[in-house]
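The structure appears right after this line, and notes come after that.
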Amino acid sequence: MGSGAQSLEMWRGKRVSIFIVIACTSLLCSAFNGALATVPELGSTRVVFQTNYGDIEFGFYPSVAPKTVEHIFKLVRLGCYNTNHFFRVDRGFVAQVADVNGGRSAPMNAVQKLEADRTVVGEFSDVKHVRGILSMGRFSDPDSAASSFSMLLGDAPHLDGEYAVFGKVTKGDETLRKLEQLPTRKEGIFVMIPRQKLVKTTG
């Protein structure tokens, strides 16, 4: 994968350049034995989304959702989030990354497509949906989560136990607050933003 910065023209004239940096590429920790803690321990791996609004760094909860963590981290390492986009920013609720299938502007290679087509079993837990939590998107089927996920922008107790928590933002809350200021439009139950591109993965 290349390491040079690259920007893309944004739909509707807006541009958000985002790079994904793997700060630690060691193997993820195995799931811990014993009862699941409400406040779990983050693994050592960090991923950084770098935007022209600032950076967002997040870590994973391998003890809470090991299959989900393995899947998302593999998508990151394969560069599947390159040229994907944030499609939804609902102030005080979520900033949501699109599914890489259909969300990318660049075609995927065979290896990327194989992983992107996978879904993961719903790994629901007692970890609360509060600001900064990463939570998988899905359809009505509890085992339909693929690659879309949300960064929580506020507390959402109605999501607890219904959507799989797999990580947490560790740095960059100020960036999330800037994203919350972007202009939005309502589409059904969703609060949408003009298509904001992710650019590339390095690492």
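Letters A, B, ... go to the chains of the structure tokens in the order shown; residues in each chain start at 1; ligands are counted from 1 in the same order.
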Pick out the residues sitting within 10 Å of Glu41 (chain A), and hand them over as a ChimeraX atom specification; count only C-alpha atoms, and ignore anything fewer than 5 positions along from it in its own chain.
/A:32,59-64,167
Selected residue, from A:Glu70, A:Glu123, A:Glu180, A:Asp141, that lies nearest to Tyr163 (chain A) when counting only C-alpha atoms
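Of A:Glu70, A:Glu123, A:Glu180, A:Asp141, the one nearest Tyr163 (chain A) is A:Glu123, counting only C-alpha atoms.
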Between A:Pro107, A:Gly54, A:Gly132, A:Pro40, which is the closest to Lys168 (chain A) once you count only C-alpha atoms?
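Checking each of A:Pro107, A:Gly54, A:Gly132, A:Pro40 against Lys168 (chain A), counting only C-alpha atoms, the winner is A:Gly132.
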May I ask for the distance between CA of Lys128 (chain A) and CA of Phe49 (chain A), given in Å to one decimal place?
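Separating CA of Lys128 (chain A) from CA of Phe49 (chain A) is a distance of 23.2 Å.
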Select from region 90-171 of chain A everything DSSP, run on the backbone, classes as helix (DSSP H, G or I), then give the selection as JSON, numbers by chain.
{"A": [100, 101, 102, 103, 110, 111, 112, 113, 114, 115, 116, 157, 158, 159]}
Counting only C-alpha atoms, which residue out of A:Gly137, A:Gly154, A:Gly79, A:Pro183 sits closest to Gln112 (chain A)?
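Checking each candidate against Gln112 (chain A), we get A:Gly79 as the closest.
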